[in-house]
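Visitor: Below you'll find entry.txt; it's compact mmCIF, C-alpha atoms.
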# COMPACT_ATOMS: atom_id res chain seq x y z
CA MET A 88 0.00 0.00 0.00
CA GLN A 89 1.64 3.17 -1.13
CA ASN A 90 0.52 6.41 -0.03
CA SER A 91 -0.37 9.03 2.28
CA LYS A 92 2.32 11.54 2.03
CA GLU A 93 4.92 11.93 -0.63
CA ALA A 94 7.42 14.70 -1.09
CA LYS A 95 10.35 15.46 -3.31
CA SER A 96 13.13 17.93 -2.80
CA SER A 97 16.18 18.45 -4.97
CA ALA A 98 18.15 15.54 -3.55
CA PHE A 99 15.78 13.32 -1.63
CA CYS A 100 12.25 12.05 -1.72
CA PHE A 101 9.92 10.82 0.99
CA GLU A 102 7.10 8.33 0.78
CA THR A 103 5.22 6.08 3.16
CA GLU A 104 4.23 2.46 2.82
CA ASN A 105 2.40 0.46 5.47
CA GLN A 106 3.21 3.01 8.18
CA ILE A 107 6.90 3.00 7.27
CA GLY A 108 8.44 6.25 6.06
CA ILE A 109 11.10 5.95 3.37
CA ILE A 110 13.66 8.68 2.74
CA THR A 111 15.48 8.07 -0.54
CA ILE A 112 18.65 10.03 -1.28
CA ASN A 113 18.29 10.82 -4.95
CA ASN A 114 21.11 12.79 -6.52
CA GLY A 115 22.66 11.30 -9.65
CA SER A 116 24.22 7.84 -9.87
CA GLN A 117 26.46 8.43 -6.83
CA ASN A 118 23.82 10.08 -4.63
CA ARG A 119 26.25 12.75 -3.49
CA LEU A 120 25.03 14.96 -0.65
CA PRO A 121 24.91 18.42 -2.25
CA GLU A 122 25.09 20.26 1.09
CA PRO A 123 25.37 19.04 4.70
CA ASP A 124 21.87 20.41 5.30
CA PHE A 125 20.31 19.15 2.08
CA ILE A 126 17.31 17.85 4.03
CA ASP A 127 15.29 20.67 5.54
CA LEU A 128 14.52 19.76 9.15
CA ASN A 129 11.15 21.52 9.22
CA LEU A 130 10.02 19.72 6.08
CA LEU A 131 11.25 16.38 7.44
CA ASP A 132 9.47 16.95 10.74
CA GLU A 133 6.27 17.79 8.89
CA LEU A 134 6.54 14.60 6.81
CA VAL A 135 7.47 12.28 9.67
CA CYS A 136 5.22 13.65 12.38
CA GLY A 137 2.23 14.18 10.14
CA GLN A 138 1.40 10.50 10.26
CA GLU A 139 1.57 7.51 12.57
CA LEU A 140 4.77 5.78 11.53
CA LYS A 141 6.20 2.67 13.15
CA GLY A 142 9.47 2.92 11.28
CA LEU A 143 11.68 4.97 9.02
CA ILE A 144 14.04 3.72 6.34
CA ILE A 145 16.83 5.74 4.73
CA THR A 146 18.13 4.42 1.44
CA GLY A 147 19.72 5.56 -1.82
CA GLN A 148 18.18 5.63 -5.28
CA GLY A 149 19.82 3.15 -7.64
CA ARG A 150 22.97 1.14 -6.98
CA HIS A 151 24.57 3.15 -4.21
CA PHE A 152 23.48 4.48 -0.83
CA SER A 153 25.65 7.59 -1.14
CA ALA A 154 29.23 8.43 -2.08
CA GLY A 155 29.18 11.20 0.55
CA ALA A 156 29.54 14.95 0.38
CA ASP A 157 30.11 16.87 -2.80
CA VAL A 158 33.72 17.94 -2.25
CA ASP A 159 33.44 20.78 -4.79
CA ASN A 160 30.72 22.33 -2.66
CA ILE A 161 32.91 22.07 0.43
CA LYS A 162 35.74 23.76 -1.50
CA ALA A 163 33.35 26.50 -2.54
CA HIS A 164 32.62 27.16 1.14
CA ARG A 165 36.23 27.24 2.32
CA ASP A 166 36.42 31.02 2.38
CA ASN A 167 33.20 31.18 4.33
CA PRO A 168 33.93 29.17 7.50
CA GLY A 169 30.95 30.60 9.34
CA GLY A 170 28.56 29.53 6.59
CA LEU A 171 30.10 26.07 6.40
CA GLN A 172 29.88 25.57 10.14
CA GLU A 173 26.25 26.70 10.12
CA ALA A 174 25.44 24.24 7.31
CA LEU A 175 27.20 21.44 9.24
CA LYS A 176 25.20 22.32 12.35
CA LYS A 177 21.95 22.14 10.39
CA GLY A 178 23.02 18.80 8.92
CA LYS A 179 23.79 17.48 12.40
CA ASP A 180 20.42 18.71 13.64
CA VAL A 181 18.77 16.54 10.96
CA LEU A 182 20.81 13.49 11.99
CA ASN A 183 20.14 14.12 15.69
CA TYR A 184 16.45 14.38 14.85
CA ILE A 185 16.52 11.04 13.04
CA GLU A 186 18.48 9.44 15.88
CA ALA A 187 15.92 10.63 18.43
CA LEU A 188 12.80 9.50 16.51
CA PRO A 189 10.49 7.28 18.58
CA MET A 190 10.25 4.54 15.97
CA VAL A 191 12.42 1.83 14.41
CA THR A 192 14.96 3.42 12.07
CA VAL A 193 16.90 1.42 9.49
CA ALA A 194 19.44 2.42 6.86
CA ALA A 195 19.05 0.17 3.81
CA VAL A 196 22.54 0.19 2.35
CA SER A 197 23.68 -1.06 -1.03
CA GLY A 198 26.90 -0.40 -2.91
CA VAL A 199 28.97 2.50 -1.72
CA CYS A 200 28.22 4.22 1.59
CA PHE A 201 30.95 6.79 2.17
CA GLY A 202 31.57 9.81 4.37
CA GLY A 203 28.43 11.89 4.87
CA GLY A 204 26.37 9.01 3.52
CA LEU A 205 27.75 6.74 6.24
CA GLU A 206 27.05 9.45 8.82
CA PHE A 207 23.41 9.40 7.70
CA ALA A 208 23.35 5.61 8.01
CA LEU A 209 24.86 5.80 11.51
CA SER A 210 22.01 8.02 12.69
CA CYS A 211 19.69 5.02 12.34
CA GLN A 212 19.34 2.33 15.00
CA PHE A 213 19.92 -0.47 12.47
CA ARG A 214 21.69 -0.97 9.16
CA VAL A 215 20.78 -3.61 6.62
CA GLY A 216 23.51 -3.97 4.01
CA THR A 217 23.89 -5.89 0.78
CA ALA A 218 26.72 -8.39 0.35
CA ASN A 219 28.48 -5.94 -1.98
CA ALA A 220 28.14 -2.93 0.33
CA VAL A 221 31.34 -0.94 0.92
CA LEU A 222 31.62 1.51 3.81
CA ALA A 223 34.31 4.12 4.45
CA PHE A 224 35.17 7.47 5.92
CA PRO A 225 37.53 8.63 3.14
CA GLU A 226 37.72 12.25 4.39
CA SER A 227 41.19 11.92 5.90
CA ASN A 228 42.59 11.04 2.46
CA LEU A 229 41.21 14.36 1.19
CA GLY A 230 42.79 16.42 3.95
CA ILE A 231 39.58 16.86 5.95
CA MET A 232 37.59 14.81 8.48
CA PRO A 233 34.01 13.65 9.02
CA GLY A 234 31.83 16.67 9.76
CA LEU A 235 28.38 15.24 10.48
CA ALA A 236 29.20 13.61 13.81
CA GLY A 237 30.94 10.58 12.32
CA THR A 238 33.73 11.00 14.86
CA ILE A 239 31.12 10.86 17.61
CA ARG A 240 28.72 8.14 16.44
CA LEU A 241 31.30 5.69 15.06
CA PRO A 242 33.30 5.34 18.33
CA ARG A 243 30.05 5.12 20.26
CA MET A 244 29.13 2.16 18.08
CA ILE A 245 32.41 0.27 17.62
CA GLY A 246 34.76 1.69 20.27
CA ARG A 247 37.34 4.47 20.11
CA LYS A 248 40.34 2.39 19.07
CA LYS A 249 38.69 0.90 16.00
CA ALA A 250 37.07 4.23 15.11
CA VAL A 251 40.43 6.02 15.15
CA GLU A 252 41.92 3.34 12.89
CA ILE A 253 39.05 3.44 10.40
CA ILE A 254 38.68 7.23 10.21
CA LEU A 255 42.41 8.03 10.13
CA SER A 256 43.22 5.39 7.52
CA GLY A 257 40.18 6.18 5.38
CA ARG A 258 40.16 2.53 4.36
CA THR A 259 37.19 0.66 2.98
CA ILE A 260 35.17 -1.87 4.98
CA ASN A 261 33.29 -4.66 3.23
CA ALA A 262 29.92 -5.98 4.39
CA GLU A 263 31.40 -8.93 6.24
CA GLU A 264 33.78 -6.80 8.31
CA ALA A 265 31.04 -4.23 8.89
CA TYR A 266 28.86 -7.01 10.27
CA GLU A 267 31.65 -8.24 12.56
CA LEU A 268 32.18 -4.68 13.80
CA GLY A 269 28.46 -4.20 14.45
CA LEU A 270 28.16 -1.51 11.78
CA ILE A 271 25.76 -3.66 9.77
CA ASP A 272 23.12 -5.72 11.52
CA ARG A 273 22.05 -7.90 8.61
CA ILE A 274 23.78 -8.81 5.37
CA VAL A 275 21.24 -9.41 2.64
CA PRO A 276 21.47 -10.45 -1.02
CA ASN A 277 22.28 -7.71 -3.51
CA LYS A 278 19.32 -5.54 -4.52
CA GLU A 279 17.19 -6.79 -1.60
CA HIS A 280 18.22 -4.15 0.91
CA LEU A 281 15.00 -2.14 0.81
CA SER A 282 12.62 -5.10 0.92
CA GLN A 283 14.66 -6.66 3.73
CA ALA A 284 14.67 -3.40 5.68
CA LYS A 285 10.88 -3.25 5.42
CA GLN A 286 10.64 -6.89 6.51
CA PHE A 287 12.98 -6.19 9.43
CA ILE A 288 10.70 -3.41 10.70
CA GLU A 289 7.59 -5.52 10.15
CA GLU A 290 9.07 -8.42 12.13
CA LEU A 291 10.16 -6.20 14.99
CA THR A 292 6.86 -4.33 15.28
CA GLN A 293 4.48 -7.19 14.56
CA ASN A 294 1.41 -7.12 16.83
CA LYS A 295 2.62 -3.97 18.58
CA SER A 296 0.56 -0.78 18.69
CA ILE A 297 2.05 2.47 17.42
CA GLN A 298 1.86 3.81 20.98
CA GLN A 299 3.82 0.82 22.30
CA ILE A 300 6.51 1.13 19.63
CA ARG A 301 6.87 4.85 20.17
CA ASN A 302 6.93 4.60 23.97
CA ILE A 303 9.49 1.79 24.01
CA VAL A 304 11.87 3.48 21.56
CA GLN A 305 11.35 6.91 23.16
CA SER A 306 12.13 5.53 26.61
CA ILE A 307 15.30 3.88 25.33
CA ASN A 308 16.27 7.16 23.63
CA ASN A 309 15.55 8.98 26.90
CA SER A 310 18.15 6.82 28.64
CA ARG A 311 20.74 8.73 26.63
CA LEU A 312 19.05 12.10 26.25
CA LEU A 313 17.76 12.69 29.81
CA THR A 314 19.12 12.25 33.30
CA GLU A 315 18.48 8.80 34.75
CA THR A 316 15.86 10.18 37.15
CA GLU A 317 14.01 12.01 34.37
CA ALA A 318 14.17 8.98 32.09
CA MET A 319 12.77 6.75 34.83
CA ASP A 320 9.94 9.17 35.55
CA LYS A 321 9.07 9.31 31.86
CA GLU A 322 9.16 5.53 31.63
CA GLY A 323 6.65 5.36 34.49
CA GLU A 324 4.32 7.82 32.74
CA MET A 325 4.49 5.83 29.50
CA PHE A 326 3.85 2.57 31.33
CA VAL A 327 0.76 4.00 32.98
CA GLY A 328 -0.46 5.26 29.60
CA LEU A 329 -0.07 1.83 28.03
CA ALA A 330 -1.57 0.04 31.06
CA LYS A 331 -4.84 1.91 30.47
CA ASN A 332 -5.25 -0.05 27.27
CA LEU A 333 -4.33 -3.38 28.80
CA GLU A 334 -6.74 -6.20 28.08
CA GLY A 335 -6.47 -9.35 30.20
CA GLY A 336 -3.17 -10.55 31.72
CA LEU A 337 0.39 -10.41 30.40
CA MET B 33 54.89 -9.78 -6.21
CA ARG B 34 52.39 -12.62 -6.57
CA THR B 35 52.50 -15.07 -9.42
CA LEU B 36 49.41 -14.87 -11.58
CA THR B 37 48.60 -18.34 -12.92
CA GLN B 38 46.47 -18.98 -15.98
CA GLU B 39 43.84 -20.48 -13.70
CA THR B 40 43.66 -17.30 -11.58
CA ARG B 41 43.55 -15.13 -14.72
CA GLU B 42 40.50 -17.03 -15.92
CA GLU B 43 38.93 -16.97 -12.46
CA LEU B 44 39.40 -13.19 -12.20
CA ARG B 45 38.03 -12.61 -15.69
CA ASP B 46 34.96 -14.76 -14.99
CA MET B 47 34.40 -13.05 -11.66
CA ILE B 48 34.53 -9.60 -13.26
CA TYR B 49 32.15 -10.55 -16.07
CA GLU B 50 29.71 -12.07 -13.56
CA PHE B 51 29.95 -8.98 -11.37
CA PHE B 52 29.10 -6.56 -14.18
CA SER B 53 26.45 -8.89 -15.54
CA GLU B 54 24.68 -8.97 -12.18
CA GLU B 55 25.17 -5.33 -11.23
CA CYS B 56 24.21 -3.95 -14.62
CA GLY B 57 21.43 -6.42 -15.35
CA THR B 58 22.80 -7.79 -18.60
CA GLU B 59 23.63 -11.26 -19.86
CA ILE B 60 27.29 -12.30 -19.76
CA GLU B 61 27.02 -13.12 -23.49
CA ASN B 62 26.46 -9.40 -24.15
CA LEU B 63 29.77 -8.45 -22.54
CA SER B 64 33.12 -8.25 -24.27
CA GLU B 65 36.56 -6.71 -23.75
CA GLN B 66 35.40 -3.63 -25.66
CA THR B 67 32.28 -3.06 -23.54
CA SER B 68 32.40 0.42 -22.05
CA ILE B 69 31.48 0.45 -18.35
CA ILE B 70 29.90 3.88 -18.52
CA GLU B 71 28.51 4.12 -22.04
CA ASP B 72 27.35 0.54 -22.62
CA LEU B 73 26.51 -0.57 -19.09
CA ASP B 74 25.38 2.75 -17.59
CA GLY B 75 27.91 2.06 -14.84
CA ASP B 76 30.05 4.43 -12.80
CA SER B 77 33.41 4.57 -11.07
CA LEU B 78 31.86 3.42 -7.79
CA LEU B 79 31.18 0.01 -9.32
CA PHE B 80 34.94 -0.39 -9.46
CA VAL B 81 35.09 0.28 -5.71
CA GLU B 82 32.64 -2.56 -5.09
CA LEU B 83 34.52 -4.86 -7.46
CA ILE B 84 37.85 -4.24 -5.73
CA GLU B 85 36.31 -5.21 -2.40
CA VAL B 86 35.09 -8.48 -3.92
CA ILE B 87 38.57 -9.23 -5.31
CA LYS B 88 40.32 -8.17 -2.08
CA LYS B 89 38.09 -10.46 -0.06
CA LYS B 90 38.48 -13.46 -2.34
CA TYR B 91 42.28 -13.33 -2.55
CA GLY B 92 43.11 -11.60 0.75
CA LEU B 93 44.86 -8.73 -1.04
CA ASN B 94 46.50 -5.78 0.67
CA ILE B 95 45.39 -2.87 -1.49
CA GLN B 96 43.99 0.53 -0.57
CA LEU B 97 41.37 2.29 -2.62
CA GLN B 98 43.38 5.50 -2.85
CA THR B 99 46.33 3.51 -4.23
CA ILE B 100 44.19 2.17 -7.04
CA GLY B 101 42.76 5.65 -7.55
CA LYS B 102 46.25 7.04 -8.09
CA TYR B 103 47.06 4.27 -10.56
CA LEU B 104 43.83 4.78 -12.48
CA LEU B 105 44.59 8.48 -12.88
CA LYS B 106 47.64 7.40 -14.90
CA LYS B 107 46.02 4.37 -16.57
CA PRO B 108 42.23 4.72 -16.74
CA ALA B 109 40.17 1.55 -17.09
CA THR B 110 37.05 2.38 -19.05
CA THR B 111 36.35 -0.90 -20.84
CA LEU B 112 35.76 -4.33 -19.41
CA GLY B 113 39.03 -5.54 -20.96
CA GLN B 114 40.94 -2.75 -19.22
CA VAL B 115 39.26 -3.53 -15.91
CA VAL B 116 40.29 -7.19 -16.25
CA GLU B 117 43.90 -6.19 -17.08
CA THR B 118 43.96 -3.82 -14.09
CA SER B 119 42.66 -6.59 -11.83
CA TYR B 120 45.60 -8.79 -12.92
CA LEU B 121 48.01 -6.05 -11.87
CA ILE B 122 46.19 -5.53 -8.58
CA TYR B 123 46.50 -9.25 -7.88
CA GLU B 124 50.19 -9.27 -8.75
CA TYR B 125 51.35 -5.99 -7.24
CA GLU B 126 48.74 -5.05 -4.59
CA ASN B 127 49.71 -1.63 -3.15
CA GLU B 128 52.87 -1.55 -5.28
CA ILE B 129 50.67 -1.06 -8.35
CA VAL B 130 51.01 2.68 -7.80
CA ASN B 131 54.72 2.51 -8.71
CA LEU B 132 54.14 0.74 -12.03
CA GLY B 133 53.39 3.78 -14.17
CA SER B 134 56.42 5.71 -12.92
CA ASN B 135 58.82 3.29 -14.60
CA GLU B 136 57.09 3.52 -17.93
Could you spell out this file's structure in structure tokens?
Guide:
Amino acid sequence: MQNSKEAKSSAFCFETENQIGIITINNGSQNRLPEPDFIDLNLLDELVCGQELKGLIITGQGRHFSAGADVDNIKAHRDNPGGLQEALKKGKDVLNYIEALPMVTVAAVSGVCFGGGLEFALSCQFRVGTANAVLAFPESNLGIMPGLAGTIRLPRMIGRKKAVEIILSGRTINAEEAYELGLIDRIVPNKEHLSQAKQFIEELTQNKSIQQIRNIVQSINNSRLLTETEAMDKEGEMFVGLAKNLEGGL
Amino acid sequence: MRTLTQETREELRDMIYEFFSEECGTEIENLSEQTSIIEDLDGDSLLFVELIEVIKKKYGLNIQLQTIGKYLLKKPATTLGQVVETSYLIYEYENEIVNLGSNE
């Protein structure tokens, strides 16, 4: 069932299917990110919050997830450090927003997933990758570094030592190694990344109400975003809210 | 430097043809040494990145993407035949491939 809300911007499109939102990076064969803030946060919020979603998938149009930032655009900004930093901040706000969503978030990765593209994928809770997927932070080989919180999310996910090695070397990581590192949660056959990501969300949310899904994920997010006392209080409130709808025993 | 046997040459060639056949949705019979990756197969340079990972994994090669990038700047591989020839050199020389062009 396709429907409800669809939107297209210059480099991404959004659609929903069976209460799953799908953001597709759509910018030429390499899906380069034209600007760090190429997704407008207000528009994204309107699209995501305007409907009852149980999950969100980020993927790339065509063969590749994304080859990362458009380096020419970064060069064009080099004499305007304030503007570049502002654009990076807006880009990070989008990724922080995705990371904090109270639903199951999955990056469906095929082919190349480099730099800023990988930073987008890391903002999701899960990553489903094809057998031919190749991940990398190649920025250090270009004289720069990740700028959309890659240096923060990668070590959080795989540990500081491994993150330093991967980011400093700029080397590529195949799907198998990414799985061993915990960067990819499922390796799937080539070209099946999107269908498998949908299936993954369906399996995880089967027979769960939207309120349950949202409360559970929100409470887990709160464990990182709030103080422990606040998170526990919120968990209690959510529990009480869900208990009102309880039918029969556990 | 590794020794490239006839058997490995054939294995590499078959692997590359299968890779492009699957990725570009075309029958192997339609591919030849003259097939252009970009013009005939609507491919792009990132396909080469994927292919290198497949080859690296199969043969346990020590080769960095930027090394191959530097080599390809000197010796571009735009046809399937050129990709196969480059893969032979990658197998034989690994990271040392970057020094090949400088002696020519």
Visitor: Please check the contacts: residues of chain A at most 12 Å away from chain B, using all atoms listed in the file, listed as an NGL selection string.
Guide: :A and (115-119 or 149-155 or 197-201 or 217-229 or 256-264 or 276-278)
Visitor: Mind checking which residues fall within 7 Å of Glu124 (chain B), counting all atoms listed in the file, ignoring those fewer than 2 positions away in the same chain, and posting them as a VMD selection string?
Guide: chain B and resid 33 to 36 120 to 122 126
Visitor: Compare A:Glu317, A:Glu289, A:Asp132, A:Asp272 by their minimum atom-to-atom distance to Asn105 (chain A), counting all atoms listed in the file, and give me the closest one.
Guide: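 Nearest candidate to Asn105 (chain A) out of A:Glu317, A:Glu289, A:Asp132, A:Asp272: A:Glu289.
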Visitor: For CA of Ile110 (chain A) and CA of Ile145 (chain A), determine how far apart the two atoms are, in Å to one decimal place.
Guide: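 Those two atoms sit 4.8 Å apart.
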Visitor: Distance CA of Leu209 (chain A)-CA of Ile231 (chain A), one decimal place?
Guide: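 Calculated distance between CA of Leu209 (chain A) and CA of Ile231 (chain A) is 19.2 Å.
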Visitor: Go through A:Gly237, A:Gly269, A:Gln283, A:Gln148 and flag the residue nearest Leu255 (chain A), using only C-alpha atoms for the distances.
Guide: A:Gly237
Visitor: Could you work out how far CA of Leu182 (chain A) lies from CA of Ile239 (chain A), giving the answer in Å with one decimal?
Guide: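 That distance, rounded to one decimal, is 12.0 Å.
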Visitor: So that I can check the surroundings of Gly137 (chain A), please list as a ChimeraX atom specification every protein, DNA and RNA residue that reaches within 12 Å of it, counting only C-alpha atoms and ignoring chain neighbours fewer than 2 positions away.
Guide: /A:91-93,103,106,108,129-135,139-140
Visitor: With all atoms of region 318-330 of chain A from the file as input, state the centre and edge lengths in Å to one decimal of the axis-aligned box that has 5 Å extra on each side, as lines of an AutoDock Vina configuration file.
Guide:
center_x = 6.3
center_y = 4.7
center_z = 31.8
size_x = 25.7
size_y = 19.3
size_z = 17.5
Visitor: Using only C-alpha atoms, which protein or nucleic acid residues come within 12 Å of Phe326 (chain A)? Drop anything in the same chain fewer than 6 positions from it, and give the result as a list of chain:residue names.
Guide: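 Within the cut-off, the hits are A:Gln298, A:Gln299, A:Arg301, A:Asn302, A:Ile303, A:Gln305, A:Ser306, A:Met319, A:Asp320, A:Asn332, A:Leu333.
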Visitor: Enumerate, as a PyMOL selection string, the protein, DNA and RNA residues whose atoms approach (34.2, 1.8, -22.1) to within 12 Å, taking into account all atoms listed in the file and the coordinate frame of the file.
Guide: chain B and resi 63-77+108-115
Visitor: Nearest to Gly101 (chain B) among B:Phe80, B:Glu59, B:Ile48, B:Ile87, with distances taken over all atoms listed in the file: which residue is it?
Guide: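 Checking each candidate against Gly101 (chain B), we get B:Phe80 as the closest.
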